[in-house]
file data13.cif (mmCIF, C-alpha atoms)
data_upload
loop_
_atom_site.label_atom_id
_atom_site.label_comp_id
_atom_site.auth_asym_id
_atom_site.auth_seq_id
_atom_site.Cartn_x
_atom_site.Cartn_y
_atom_site.Cartn_z
CA MET A 27 124.94 91.42 96.33
CA THR A 28 123.67 91.54 99.92
CA ALA A 29 125.64 89.67 102.55
CA THR A 30 124.32 88.17 105.76
CA LEU A 31 126.72 89.47 108.37
CA ALA A 32 128.23 87.49 111.20
CA ILE A 33 129.83 88.81 114.36
CA THR A 34 132.82 86.63 115.17
CA GLY A 35 134.25 88.58 118.11
CA TRP A 36 133.60 91.71 120.13
CA GLY A 37 135.23 93.97 122.66
CA VAL A 38 134.02 96.56 125.14
CA ALA A 39 135.40 99.41 127.21
CA SER A 40 132.61 100.49 129.54
CA PRO A 41 131.91 101.69 133.09
CA ILE A 42 130.88 98.17 134.09
CA GLY A 43 133.67 96.21 132.46
CA ILE A 44 136.43 96.06 129.88
CA GLY A 45 136.45 93.13 127.47
CA ALA A 46 133.55 90.93 126.37
CA ASP A 47 133.75 88.43 129.23
CA GLU A 48 133.97 91.06 131.95
CA PHE A 49 131.16 93.11 130.42
CA ALA A 50 128.93 90.02 130.03
CA ALA A 51 129.43 89.01 133.66
CA ALA A 52 128.87 92.54 134.94
CA PHE A 53 125.76 93.07 132.85
CA ALA A 54 124.27 89.76 133.95
CA ALA A 55 124.96 90.65 137.59
CA GLY A 56 123.24 94.02 137.18
CA ARG A 57 126.38 96.00 138.02
CA ASP A 58 125.74 99.76 138.13
CA GLY A 59 128.44 101.86 136.47
CA ARG A 60 127.46 105.10 138.18
CA THR A 61 130.33 106.74 140.07
CA ASP A 62 131.47 109.99 141.68
CA VAL A 63 133.00 112.33 139.07
CA SER A 64 133.18 115.49 141.20
CA GLU A 65 136.99 115.46 141.14
CA MET A 66 137.46 114.21 137.58
CA PHE A 67 137.88 117.67 136.04
CA ASP A 68 139.47 120.17 138.39
CA ASP A 69 139.28 123.14 136.05
CA GLU A 70 135.73 122.80 134.73
CA PRO A 71 132.42 122.53 136.60
CA LEU A 72 130.05 119.61 136.06
CA PRO A 73 126.25 119.76 136.32
CA ARG A 74 126.12 116.94 138.87
CA PRO A 75 128.60 114.88 140.91
CA ASP A 76 127.67 111.51 139.44
CA ALA A 77 128.01 109.97 135.99
CA PHE A 78 128.59 106.64 134.30
CA ALA A 79 132.25 107.37 133.66
CA MET A 80 135.44 105.33 133.78
CA THR A 81 137.24 107.46 136.34
CA GLU A 82 140.22 105.09 136.65
CA PHE A 83 140.69 104.63 132.90
CA LYS A 84 144.12 105.55 131.55
CA ALA A 85 145.10 104.84 127.95
CA LYS A 86 148.65 103.82 128.86
CA ASP A 87 147.37 101.05 131.13
CA HIS A 88 145.79 99.28 128.16
CA LEU A 89 147.74 100.52 125.16
CA GLY A 90 151.18 101.25 126.57
CA ARG A 91 152.92 104.61 126.77
CA LYS A 92 154.09 104.84 123.17
CA GLY A 93 151.82 107.03 121.06
CA THR A 94 149.17 107.54 123.73
CA THR A 95 150.25 110.80 125.39
CA PHE A 96 148.08 113.07 123.25
CA LEU A 97 145.17 110.71 122.53
CA ASP A 98 141.77 112.07 123.43
CA ARG A 99 139.64 109.91 125.68
CA GLY A 100 137.23 108.76 122.97
CA THR A 101 140.04 107.58 120.70
CA ALA A 102 141.64 105.65 123.54
CA LEU A 103 138.33 103.95 124.33
CA ALA A 104 137.86 103.03 120.66
CA MET A 105 141.38 101.64 120.46
CA VAL A 106 140.94 99.50 123.55
CA ALA A 107 137.62 98.12 122.28
CA CYS A 108 139.16 97.38 118.86
CA GLY A 109 142.04 95.50 120.42
CA LYS A 110 139.72 93.50 122.65
CA ALA A 111 137.45 92.63 119.71
CA MET A 112 140.31 91.48 117.54
CA ALA A 113 141.72 89.33 120.33
CA ASP A 114 138.27 87.88 121.00
CA ALA A 115 137.87 86.94 117.34
CA GLY A 116 141.44 85.71 116.98
CA LEU A 117 141.86 88.23 114.17
CA GLU A 118 145.50 88.73 113.27
CA ILE A 119 146.63 91.32 110.75
CA GLY A 120 149.47 90.61 108.32
CA GLU A 121 150.56 91.43 104.81
CA ASP A 122 148.12 88.87 103.42
CA ASN A 123 144.98 90.53 104.82
CA GLU A 124 145.77 94.08 105.99
CA THR A 125 144.15 95.70 102.94
CA ARG A 126 141.01 93.57 103.33
CA VAL A 127 140.25 94.54 106.92
CA GLY A 128 138.75 97.94 107.70
CA LEU A 129 136.89 99.90 110.31
CA ALA A 130 133.51 101.66 110.51
CA LEU A 131 133.19 103.73 113.67
CA GLY A 132 130.01 105.37 114.87
CA THR A 133 129.98 108.65 116.74
CA THR A 134 127.81 111.64 117.52
CA ALA A 135 130.24 114.48 116.89
CA GLY A 136 133.67 113.06 117.54
CA SER A 137 135.56 114.31 120.58
CA VAL A 138 133.44 117.25 121.71
CA ARG A 139 135.92 118.10 124.45
CA SER A 140 138.84 118.25 122.01
CA THR A 141 136.88 120.35 119.52
CA SER A 142 135.76 122.72 122.25
CA ASP A 143 139.21 123.03 123.81
CA TYR A 144 140.89 123.60 120.46
CA SER A 145 138.37 126.27 119.46
CA LYS A 146 138.70 127.97 122.83
CA ALA A 147 142.48 128.03 122.53
CA THR A 148 142.28 130.06 119.32
CA PHE A 149 140.65 132.84 121.37
CA VAL A 150 142.54 132.74 124.66
CA GLU A 151 146.11 131.83 123.71
CA ASP A 152 148.68 134.52 122.91
CA LYS A 153 148.84 135.73 119.35
CA PRO A 154 149.53 134.44 116.78
CA TYR A 155 147.17 131.92 118.35
CA MET A 156 149.66 129.53 119.88
CA VAL A 157 147.42 126.48 119.80
CA ASN A 158 149.02 123.11 120.50
CA PRO A 159 149.05 121.40 117.07
CA LEU A 160 149.25 117.96 118.68
CA ILE A 161 145.64 118.17 119.83
CA PHE A 162 144.30 119.10 116.39
CA PRO A 163 143.91 115.48 115.17
CA ASN A 164 141.60 114.84 118.12
CA ALA A 165 139.36 117.70 117.01
CA VAL A 166 138.67 116.02 113.66
CA MET A 167 135.62 113.77 113.70
CA ASN A 168 137.32 110.83 112.00
CA GLY A 169 140.40 111.03 114.23
CA ALA A 170 139.45 108.03 116.38
CA ALA A 171 138.83 105.77 113.37
CA GLY A 172 142.06 106.86 111.72
CA GLN A 173 144.19 106.41 114.83
CA SER A 174 142.67 103.00 115.52
CA ALA A 175 143.33 101.85 111.97
CA ILE A 176 146.94 103.00 112.16
CA ARG A 177 147.54 101.22 115.45
CA TYR A 178 146.13 97.89 114.28
CA ARG A 179 147.27 98.09 110.63
CA LEU A 180 143.76 98.12 109.22
CA LYS A 181 144.40 99.32 105.67
CA GLY A 182 140.99 98.55 104.23
CA VAL A 183 137.95 100.82 104.27
CA ASN A 184 138.00 103.42 107.04
CA ALA A 185 134.79 105.31 107.76
CA THR A 186 133.23 107.41 110.49
CA LEU A 187 129.44 107.55 110.70
CA ALA A 188 128.00 110.45 112.70
CA GLY A 189 124.68 108.80 113.46
CA GLY A 190 124.38 109.44 117.18
CA PRO A 191 122.03 106.96 118.88
CA VAL A 192 121.56 104.95 115.66
CA ALA A 193 125.21 105.11 114.54
CA VAL A 194 125.93 101.40 114.96
CA LEU A 195 122.82 100.44 113.01
CA SER A 196 123.98 102.70 110.18
CA ALA A 197 127.50 101.25 110.43
CA LEU A 198 126.13 97.70 110.16
CA ARG A 199 124.19 98.63 107.03
CA TYR A 200 127.36 100.17 105.64
CA ALA A 201 129.33 97.01 106.46
CA ARG A 202 126.71 94.82 104.83
CA SER A 203 127.00 96.80 101.60
CA LEU A 204 130.79 96.84 101.47
CA ILE A 205 131.21 93.18 102.37
CA GLY A 206 128.48 92.24 99.89
CA LEU A 207 130.28 94.20 97.17
CA ASP A 208 133.57 92.44 98.04
CA ARG A 209 135.27 95.74 98.87
CA VAL A 210 136.47 94.28 102.15
CA ASP A 211 136.46 90.90 103.91
CA THR A 212 136.20 92.05 107.51
CA LEU A 213 135.17 95.25 109.26
CA LEU A 214 135.46 96.32 112.85
CA VAL A 215 132.10 98.00 113.46
CA GLY A 216 131.09 99.89 116.58
CA ALA A 217 131.04 103.24 118.32
CA ALA A 218 132.83 105.26 120.98
CA GLU A 219 131.88 108.26 123.10
CA GLU A 220 133.88 110.00 125.83
CA PHE A 221 132.69 111.65 129.05
CA GLY A 222 133.60 115.27 129.64
CA PRO A 223 132.12 118.54 130.90
CA GLN A 224 130.66 119.49 127.54
CA VAL A 225 128.89 116.15 127.12
CA ALA A 226 127.73 116.18 130.75
CA TRP A 227 126.11 119.60 130.38
CA ALA A 228 124.49 118.75 127.04
CA ASN A 229 123.01 115.60 128.55
CA GLU A 230 121.84 117.50 131.64
CA PHE A 231 119.97 120.11 129.58
CA ALA A 232 118.36 117.42 127.42
CA MET A 233 117.26 115.46 130.49
CA ARG A 234 115.79 118.56 132.13
CA GLU A 235 113.84 119.45 128.99
CA HIS A 236 112.33 115.99 128.66
CA GLY A 237 111.81 115.09 132.31
CA GLY A 238 114.66 112.62 132.68
CA ASP A 239 117.38 112.28 135.31
CA LEU A 240 119.89 109.83 133.84
CA PRO A 241 123.52 111.02 134.01
CA ALA A 242 125.82 110.99 131.00
CA GLY A 243 127.94 107.93 130.29
CA GLU A 244 130.84 106.89 128.10
CA GLY A 245 132.30 103.81 126.54
CA ALA A 246 133.05 101.93 123.35
CA ALA A 247 132.08 98.61 121.83
CA MET A 248 133.49 97.12 118.65
CA PHE A 249 132.40 94.03 116.71
CA VAL A 250 134.35 91.97 114.18
CA VAL A 251 131.95 91.59 111.27
CA GLU A 252 132.29 89.40 108.18
CA ASP A 253 130.22 87.39 105.72
CA ALA A 254 128.39 84.69 107.66
CA ALA A 255 128.68 82.00 104.99
CA LYS A 256 132.42 82.56 104.61
CA ALA A 257 132.94 82.58 108.37
CA ARG A 258 131.17 79.25 108.72
CA ALA A 259 133.08 77.77 105.79
CA ALA A 260 136.32 78.79 107.48
CA GLY A 261 135.23 77.09 110.70
CA ARG A 262 134.91 80.25 112.77
CA ALA A 263 132.39 80.24 115.60
CA LEU A 264 129.72 82.92 115.47
CA ASP A 265 128.55 85.23 118.21
CA ALA A 266 125.61 86.36 116.10
CA GLU A 267 124.16 86.63 112.62
CA ILE A 268 122.74 90.04 111.70
CA LEU A 269 119.57 89.03 109.91
CA ALA A 270 118.30 92.53 109.11
CA VAL A 271 119.03 96.19 109.81
CA GLU A 272 116.55 98.94 108.96
CA VAL A 273 116.70 102.70 109.45
CA GLY A 274 113.94 105.23 108.77
CA THR A 275 113.01 108.86 109.38
CA HIS A 276 109.92 110.15 111.12
CA VAL A 277 108.41 113.27 109.56
CA PRO A 278 106.33 115.06 112.23
CA ALA A 279 103.06 116.74 111.35
CA ASP A 280 104.03 119.62 113.63
CA GLU A 281 107.74 120.47 113.49
CA ASN A 282 107.36 122.77 116.51
CA ASP A 283 106.21 119.99 118.82
CA PRO A 284 109.23 118.87 120.91
CA ASP A 285 107.62 115.54 121.81
CA VAL A 286 106.49 114.17 118.48
CA ASP A 287 105.22 110.61 118.70
CA PHE A 288 107.60 108.62 116.49
CA SER A 289 106.18 105.24 117.54
CA PRO A 290 104.33 104.53 114.24
CA THR A 291 107.55 105.04 112.26
CA LEU A 292 109.61 102.91 114.62
CA ALA A 293 106.93 100.20 114.60
CA ALA A 294 106.94 100.17 110.79
CA CYS A 295 110.74 100.02 110.78
CA LEU A 296 110.69 97.08 113.20
CA ARG A 297 108.06 95.22 111.16
CA ARG A 298 110.13 95.75 108.01
CA ALA A 299 113.23 94.39 109.74
CA LEU A 300 111.38 91.29 110.96
CA SER A 301 109.93 90.69 107.50
CA ARG A 302 113.31 90.95 105.79
CA ALA A 303 114.83 88.67 108.41
CA GLY A 304 112.07 86.11 107.91
CA VAL A 305 111.29 86.17 111.63
CA ALA A 306 107.85 86.11 113.22
CA ALA A 307 107.11 88.39 116.16
CA ASP A 308 106.59 85.46 118.53
CA GLU A 309 110.11 84.17 117.76
CA VAL A 310 111.78 87.20 119.37
CA HIS A 311 113.44 86.33 122.66
CA ALA A 312 114.72 89.73 123.81
CA VAL A 313 114.64 93.42 122.89
CA ALA A 314 117.42 95.89 123.69
CA SER A 315 115.86 99.34 123.65
CA ALA A 316 117.30 102.85 123.92
CA GLU A 317 115.08 103.92 126.82
CA ASN A 318 116.83 106.43 129.07
CA GLY A 319 114.26 107.72 131.53
CA MET A 320 112.70 110.46 129.41
CA PRO A 321 108.99 109.69 129.96
CA ALA A 322 107.58 110.69 126.57
CA LYS A 323 110.44 109.33 124.47
CA ASP A 324 110.49 106.05 126.40
CA SER A 325 106.74 105.63 126.09
CA TYR A 326 106.92 106.10 122.32
CA GLU A 327 109.64 103.47 121.97
CA ASP A 328 107.84 101.12 124.33
CA ARG A 329 104.60 101.55 122.38
CA ALA A 330 106.29 100.66 119.10
CA ILE A 331 107.93 97.57 120.59
CA THR A 332 104.72 96.41 122.29
CA ASP A 333 102.60 97.02 119.19
CA VAL A 334 104.87 94.79 117.10
CA LEU A 335 106.15 92.20 119.59
CA GLY A 336 103.68 92.23 122.46
CA ALA A 337 104.76 92.00 126.08
CA VAL A 338 106.49 88.60 125.91
CA PRO A 339 110.12 89.31 124.93
CA ARG A 340 112.66 90.03 127.63
CA ARG A 341 113.40 93.76 127.84
CA VAL A 342 117.04 94.80 127.98
CA ARG A 343 117.68 98.40 129.05
CA VAL A 344 121.45 98.84 129.02
CA LYS A 345 121.39 102.56 129.84
CA GLN A 346 120.19 101.79 133.36
CA GLN A 347 123.67 100.37 133.99
CA THR A 348 125.85 102.44 131.65
CA GLY A 349 124.16 105.84 131.37
CA GLU A 350 123.32 107.90 128.30
CA ALA A 351 126.30 107.57 125.99
CA LEU A 352 124.62 108.32 122.64
CA SER A 353 126.32 106.32 119.85
CA ALA A 354 128.23 104.22 122.38
CA SER A 355 124.93 103.27 124.01
CA ASN A 356 123.78 101.92 120.65
CA ALA A 357 126.91 99.75 120.56
CA LEU A 358 126.45 98.68 124.18
CA GLN A 359 122.86 97.65 123.39
CA LEU A 360 124.26 95.19 120.88
CA ALA A 361 126.92 94.06 123.35
CA ALA A 362 124.25 93.46 125.98
CA LEU A 363 122.33 91.16 123.61
CA LEU A 364 125.49 89.24 122.75
CA SER A 365 126.40 88.97 126.43
CA MET A 366 123.25 86.94 127.10
CA HIS A 367 124.51 84.27 124.70
CA ARG A 368 128.13 84.22 125.82
CA GLY A 369 128.84 80.87 127.43
CA ASN A 370 125.15 79.96 127.30
CA PRO A 371 124.57 77.36 124.53
CA GLY A 372 120.97 76.98 125.73
CA LEU A 373 120.17 80.24 123.93
CA ASP A 374 121.85 79.28 120.65
CA GLY A 375 119.72 80.31 117.71
CA ARG A 376 117.41 82.56 119.70
CA VAL A 377 116.43 85.81 118.02
CA SER A 378 116.85 89.26 119.53
CA VAL A 379 115.95 92.76 118.40
CA LEU A 380 117.65 96.12 118.92
CA THR A 381 115.82 99.44 118.60
CA SER A 382 116.93 103.05 118.82
CA HIS A 383 116.03 106.60 117.78
CA THR A 384 117.52 110.07 117.62
CA PRO A 385 116.14 113.40 118.87
CA ASP A 386 115.53 114.53 115.29
CA GLY A 387 113.36 111.56 114.34
CA VAL A 388 115.68 108.91 112.87
CA VAL A 389 114.62 105.44 114.00
CA GLY A 390 116.28 102.08 113.55
CA ALA A 391 115.92 98.38 114.28
CA ALA A 392 118.11 95.32 113.88
CA VAL A 393 117.29 91.61 114.11
CA LEU A 394 119.98 89.14 115.11
CA CYS A 395 120.34 85.46 115.87
CA GLY A 396 122.74 84.84 118.75
CA TRP A 397 125.18 82.04 119.49
CA SER A 398 127.51 81.23 122.35
CA GLY A 399 130.60 81.91 120.24
CA ARG A 400 133.78 80.09 121.17
CA ASP A 401 131.92 78.00 123.74
CA ARG A 402 129.64 76.61 121.04
CA ALA A 403 130.63 73.26 119.56
#

call {"tool": "encode", "arguments": {"input": "data13.cif", "output": "structure tokens"}}
result
Amino acid sequence: MTATLAITGWGVASPIGIGADEFAAAFAAGRDGRTDVSEMFDDEPLPRPDAFAMTEFKAKDHLGRKGTTFLDRGTALAMVACGKAMADAGLEIGEDNETRVGLALGTTAGSVRSTSDYSKATFVEDKPYMVNPLIFPNAVMNGAAGQSAIRYRLKGVNATLAGGPVAVLSALRYARSLIGLDRVDTLLVGAAEEFGPQVAWANEFAMREHGGDLPAGEGAAMFVVEDAAKARAAGRALDAEILAVEVGTHVPADENDPDVDFSPTLAACLRRALSRAGVAADEVHAVASAENGMPAKDSYEDRAITDVLGAVPRRVRVKQQTGEALSASNALQLAALLSMHRGNPGLDGRVSVLTSHTPDGVVGAAVLCGWSGRDRA
């Protein structure tokens, strides 16, 4: 059985705002999350002095001191976003529902900083390799999802999806299957990525290779997802209905070409999503794309969107305000679309589209119908 998903609450931890309301206001105002990070890491050099990082973020300020001392940054961001999403949805966990609520967290490779630091310690620390065991959980890719579930008593399904820039799309498909199969009633779906020297350098090399100049970013966004029909029957207000989610893979004719044109595959994926959603191209109000300033990649995505939807829909480019944050950017794209509806009943029922792609040719598209949530009668 396939379920139509509803988002009934969401939370964000980002360079432009923490919490759905703050993020929505900041995004609408065009706030730029770029900041000076030259003094953020005293012991490790960064490729540039600026980034879209949360320099003032401290886990204890949002989560309290207990249990947060050894959290890596990405886990803390995920936890904050989860808490904000649950509060936004009014989702309370008790003995009656704790086994029916789970979490599906998108990532690229978990905490790259923790993995790198732990690996380095095995070489540089005194024998017999006196590595701090308390940082090991952070070096495991599913650490953030596990820690978040423990904190909020989410005893249902717990999954980590390493999908990079399409991770949230994959997580939504996963949620649709599990909810449709009645394995779980509610899932917190989203993604988190942390800023650090390793991520900053990786982003810098990628930008140089492809002609871009966008600094790395970080953040997390989580969405409370459940069956739309059941949510309505229970009287819960909706932030959005996920009408369709499609993911595909582009197979290049020349595997040695670093700038393979994936636009036909993305266009086909987008058309398939619209068809399965029962939405015509001229009904689409806005498109949140993954464009990040890499000329060729952006032109391919733009071509696919324009070929399918024309030039009419509003274009939403969240990375201009939050940087390149990989899987978190995918989550923030969805948050940006929801933010347009928040407190704006005039857009109730309007359809939006989200598109993304990975460096190795995975493409994805989602179609959603937005509502003004708790402000909607």

call {"tool": "residues_around", "arguments": {"input": "data13.cif", "residues": "segment 114-126 of chain A", "least_positions_apart": "4", "cutoff": "6 Å", "atoms": "all atoms listed in the file", "output": "list of chain:residue names"}}
result
A:Thr34, A:Gly35, A:Leu180, A:Lys181, A:Gly182, A:Val210, A:Asp211

call {"tool": "write_last_selection", "arguments": {"input": "data13.cif", "atoms": "C-alpha atoms", "output": "CSV table (one decimal), keeping the file's coordinate frame"}}
result
chain,number,residue,atom,x,y,z
A,34,THR,CA,132.8,86.6,115.2
A,35,GLY,CA,134.2,88.6,118.1
A,180,LEU,CA,143.8,98.1,109.2
A,181,LYS,CA,144.4,99.3,105.7
A,182,GLY,CA,141.0,98.6,104.2
A,210,VAL,CA,136.5,94.3,102.2
A,211,ASP,CA,136.5,90.9,103.9

call {"tool": "resolve_selection", "arguments": {"input": "data13.cif", "expression": "the PyMOL selection byres ((chain A and resi 218-225) around 9)", "output": "ChimeraX atom specification"}}
result
/A:39,66-67,70-73,77-80,98-101,103-104,107,131-139,142,170,216-217,226-230,242-248,351-355,357

call {"tool": "write_last_selection", "arguments": {"input": "data13.cif", "atoms": "C-alpha atoms", "output": "CSV table (one decimal), in the frame of the given file"}}
result
chain,number,residue,atom,x,y,z
A,39,ALA,CA,135.4,99.4,127.2
A,66,MET,CA,137.5,114.2,137.6
A,67,PHE,CA,137.9,117.7,136.0
A,70,GLU,CA,135.7,122.8,134.7
A,71,PRO,CA,132.4,122.5,136.6
A,72,LEU,CA,130.0,119.6,136.1
A,73,PRO,CA,126.2,119.8,136.3
A,77,ALA,CA,128.0,110.0,136.0
A,78,PHE,CA,128.6,106.6,134.3
A,79,ALA,CA,132.2,107.4,133.7
A,80,MET,CA,135.4,105.3,133.8
A,98,ASP,CA,141.8,112.1,123.4
A,99,ARG,CA,139.6,109.9,125.7
A,100,GLY,CA,137.2,108.8,123.0
A,101,THR,CA,140.0,107.6,120.7
A,103,LEU,CA,138.3,104.0,124.3
A,104,ALA,CA,137.9,103.0,120.7
A,107,ALA,CA,137.6,98.1,122.3
A,131,LEU,CA,133.2,103.7,113.7
A,132,GLY,CA,130.0,105.4,114.9
A,133,THR,CA,130.0,108.6,116.7
A,134,THR,CA,127.8,111.6,117.5
A,135,ALA,CA,130.2,114.5,116.9
A,136,GLY,CA,133.7,113.1,117.5
A,137,SER,CA,135.6,114.3,120.6
A,138,VAL,CA,133.4,117.2,121.7
A,139,ARG,CA,135.9,118.1,124.4
A,142,SER,CA,135.8,122.7,122.2
A,170,ALA,CA,139.4,108.0,116.4
A,216,GLY,CA,131.1,99.9,116.6
A,217,ALA,CA,131.0,103.2,118.3
A,226,ALA,CA,127.7,116.2,130.8
A,227,TRP,CA,126.1,119.6,130.4
A,228,ALA,CA,124.5,118.8,127.0
A,229,ASN,CA,123.0,115.6,128.6
A,230,GLU,CA,121.8,117.5,131.6
A,242,ALA,CA,125.8,111.0,131.0
A,243,GLY,CA,127.9,107.9,130.3
A,244,GLU,CA,130.8,106.9,128.1
A,245,GLY,CA,132.3,103.8,126.5
A,246,ALA,CA,133.0,101.9,123.4
A,247,ALA,CA,132.1,98.6,121.8
A,248,MET,CA,133.5,97.1,118.6
A,351,ALA,CA,126.3,107.6,126.0
A,352,LEU,CA,124.6,108.3,122.6
A,353,SER,CA,126.3,106.3,119.8
A,354,ALA,CA,128.2,104.2,122.4
A,355,SER,CA,124.9,103.3,124.0
A,357,ALA,CA,126.9,99.8,120.6

call {"tool": "residues_near_point", "arguments": {"input": "data13.cif", "point": "(137.7, 97.2, 111.3)", "cutoff": "6 Å", "atoms": "all atoms listed in the file", "output": "list in words"}}
result
Val127, Gly128, Leu129, Leu213 and Leu214 of chain A

call {"tool": "resolve_selection", "arguments": {"input": "data13.cif", "expression": "the PyMOL selection byres ((chain A and resi 317-324) around 7)", "output": "ChimeraX atom specification"}}
result
/A:233,236-240,285,315-316,325-328,343,345,350

call {"tool": "closest_residue", "arguments": {"input": "data13.cif", "among": "A:Val38, A:Arg202, A:Phe96, A:Ala314", "to": "Asn158 of chain A", "atoms": "all atoms listed in the file"}}
result
A:Phe96

call {"tool": "resolve_selection", "arguments": {"input": "data13.cif", "expression": "the PyMOL selection byres ((chain A and resi 53-56) around 10)", "output": "list in words"}}
result
Ile42, Gly43, Asp47, Glu48, Phe49, Ala50, Ala51, Ala52, Arg57, Asp58, Gly59, Val344, Gln346, Gln347, Thr348, Ala361, Ala362, Ser365 and Met366 of chain A

call {"tool": "write_last_selection", "arguments": {"input": "data13.cif", "atoms": "C-alpha atoms", "output": "tab-separated table (two decimals), keeping the file's coordinate frame"}}
result
chain	number	residue	atom	x	y	z
A	42	ILE	CA	130.88	98.17	134.09
A	43	GLY	CA	133.67	96.21	132.46
A	47	ASP	CA	133.75	88.43	129.23
A	48	GLU	CA	133.97	91.06	131.95
A	49	PHE	CA	131.16	93.11	130.42
A	50	ALA	CA	128.93	90.02	130.03
A	51	ALA	CA	129.43	89.01	133.66
A	52	ALA	CA	128.87	92.54	134.94
A	57	ARG	CA	126.38	96.00	138.02
A	58	ASP	CA	125.74	99.76	138.13
A	59	GLY	CA	128.44	101.86	136.47
A	344	VAL	CA	121.45	98.84	129.02
A	346	GLN	CA	120.19	101.79	133.36
A	347	GLN	CA	123.67	100.37	133.99
A	348	THR	CA	125.85	102.44	131.65
A	361	ALA	CA	126.92	94.06	123.35
A	362	ALA	CA	124.25	93.46	125.98
A	365	SER	CA	126.40	88.97	126.43
A	366	MET	CA	123.25	86.94	127.10

call {"tool": "atom_distance", "arguments": {"input": "data13.cif", "atom1": "atom CA of Asp87 of chain A", "atom2": "atom CA of Met112 of chain A"}}
result
18.1 Å

call {"tool": "residues_near_point", "arguments": {"input": "data13.cif", "point": "(106.8, 110.1, 116.9)", "cutoff": "12 Å", "atoms": "all atoms listed in the file", "output": "PyMOL selection string"}}
result
chain A and resi 274-281+283-294+322-330+383-389

call {"tool": "closest_residue", "arguments": {"input": "data13.cif", "among": "A:Leu335, A:Ala299, A:Ile205, A:Ala46", "to": "Ala255 of chain A", "atoms": "all atoms listed in the file"}}
result
A:Ile205

call {"tool": "residues_around", "arguments": {"input": "data13.cif", "residues": "Leu89 of chain A", "least_positions_apart": "6", "cutoff": "10 Å", "atoms": "all atoms listed in the file", "output": "PyMOL selection string"}}
result
chain A and resi 102+105-106+109+177

call {"tool": "atom_distance", "arguments": {"input": "data13.cif", "atom1": "atom CA of Val377 of chain A", "atom2": "atom CA of Glu309 of chain A"}}
result
6.5 Å

call {"tool": "atom_distance", "arguments": {"input": "data13.cif", "atom1": "atom CA of Pro241 of chain A", "atom2": "atom CA of Asp69 of chain A"}}
result
20.0 Å

call {"tool": "closest_residue", "arguments": {"input": "data13.cif", "among": "A:Glu272, A:Glu65, A:Glu82, A:Asp374", "to": "Leu198 of chain A", "atoms": "all atoms listed in the file"}}
result
A:Glu272

call {"tool": "closest_residue", "arguments": {"input": "data13.cif", "among": "A:Leu358, A:Ala254, A:Val342, A:Ala392", "to": "Ile33 of chain A", "atoms": "only C-alpha atoms"}}
result
A:Ala254

call {"tool": "axis_aligned_box", "arguments": {"input": "data13.cif", "around": "segment 321-336 of chain A", "padding_each_side": "4 Å", "output": "JSON"}}
result
{"center_x": 106.5, "center_y": 101.4, "center_z": 123.5, "size_x": 15.9, "size_y": 26.5, "size_z": 20.9}

call {"tool": "closest_residue", "arguments": {"input": "data13.cif", "among": "A:Ala270, A:Ala306, A:Val379, A:Leu360", "to": "Val194 of chain A", "atoms": "all atoms listed in the file"}}
result
A:Leu360

call {"tool": "closest_residue", "arguments": {"input": "data13.cif", "among": "A:Gly390, A:Gly37, A:Gly190, A:Gly304", "to": "Phe249 of chain A", "atoms": "only C-alpha atoms"}}
result
A:Gly37

call {"tool": "residues_around", "arguments": {"input": "data13.cif", "residues": "Glu252 of chain A", "least_positions_apart": "3", "cutoff": "6 Å", "atoms": "all atoms listed in the file", "output": "PDB file with C-alpha atoms, in the coordinates of the input"}}
result
ATOM      1  CA  LEU A  31     126.720  89.470 108.370  1.00  0.00           C
ATOM      2  CA  ALA A  32     128.230  87.490 111.200  1.00  0.00           C
ATOM      3  CA  THR A 212     136.200  92.050 107.510  1.00  0.00           C
TER       4      THR A 212
END
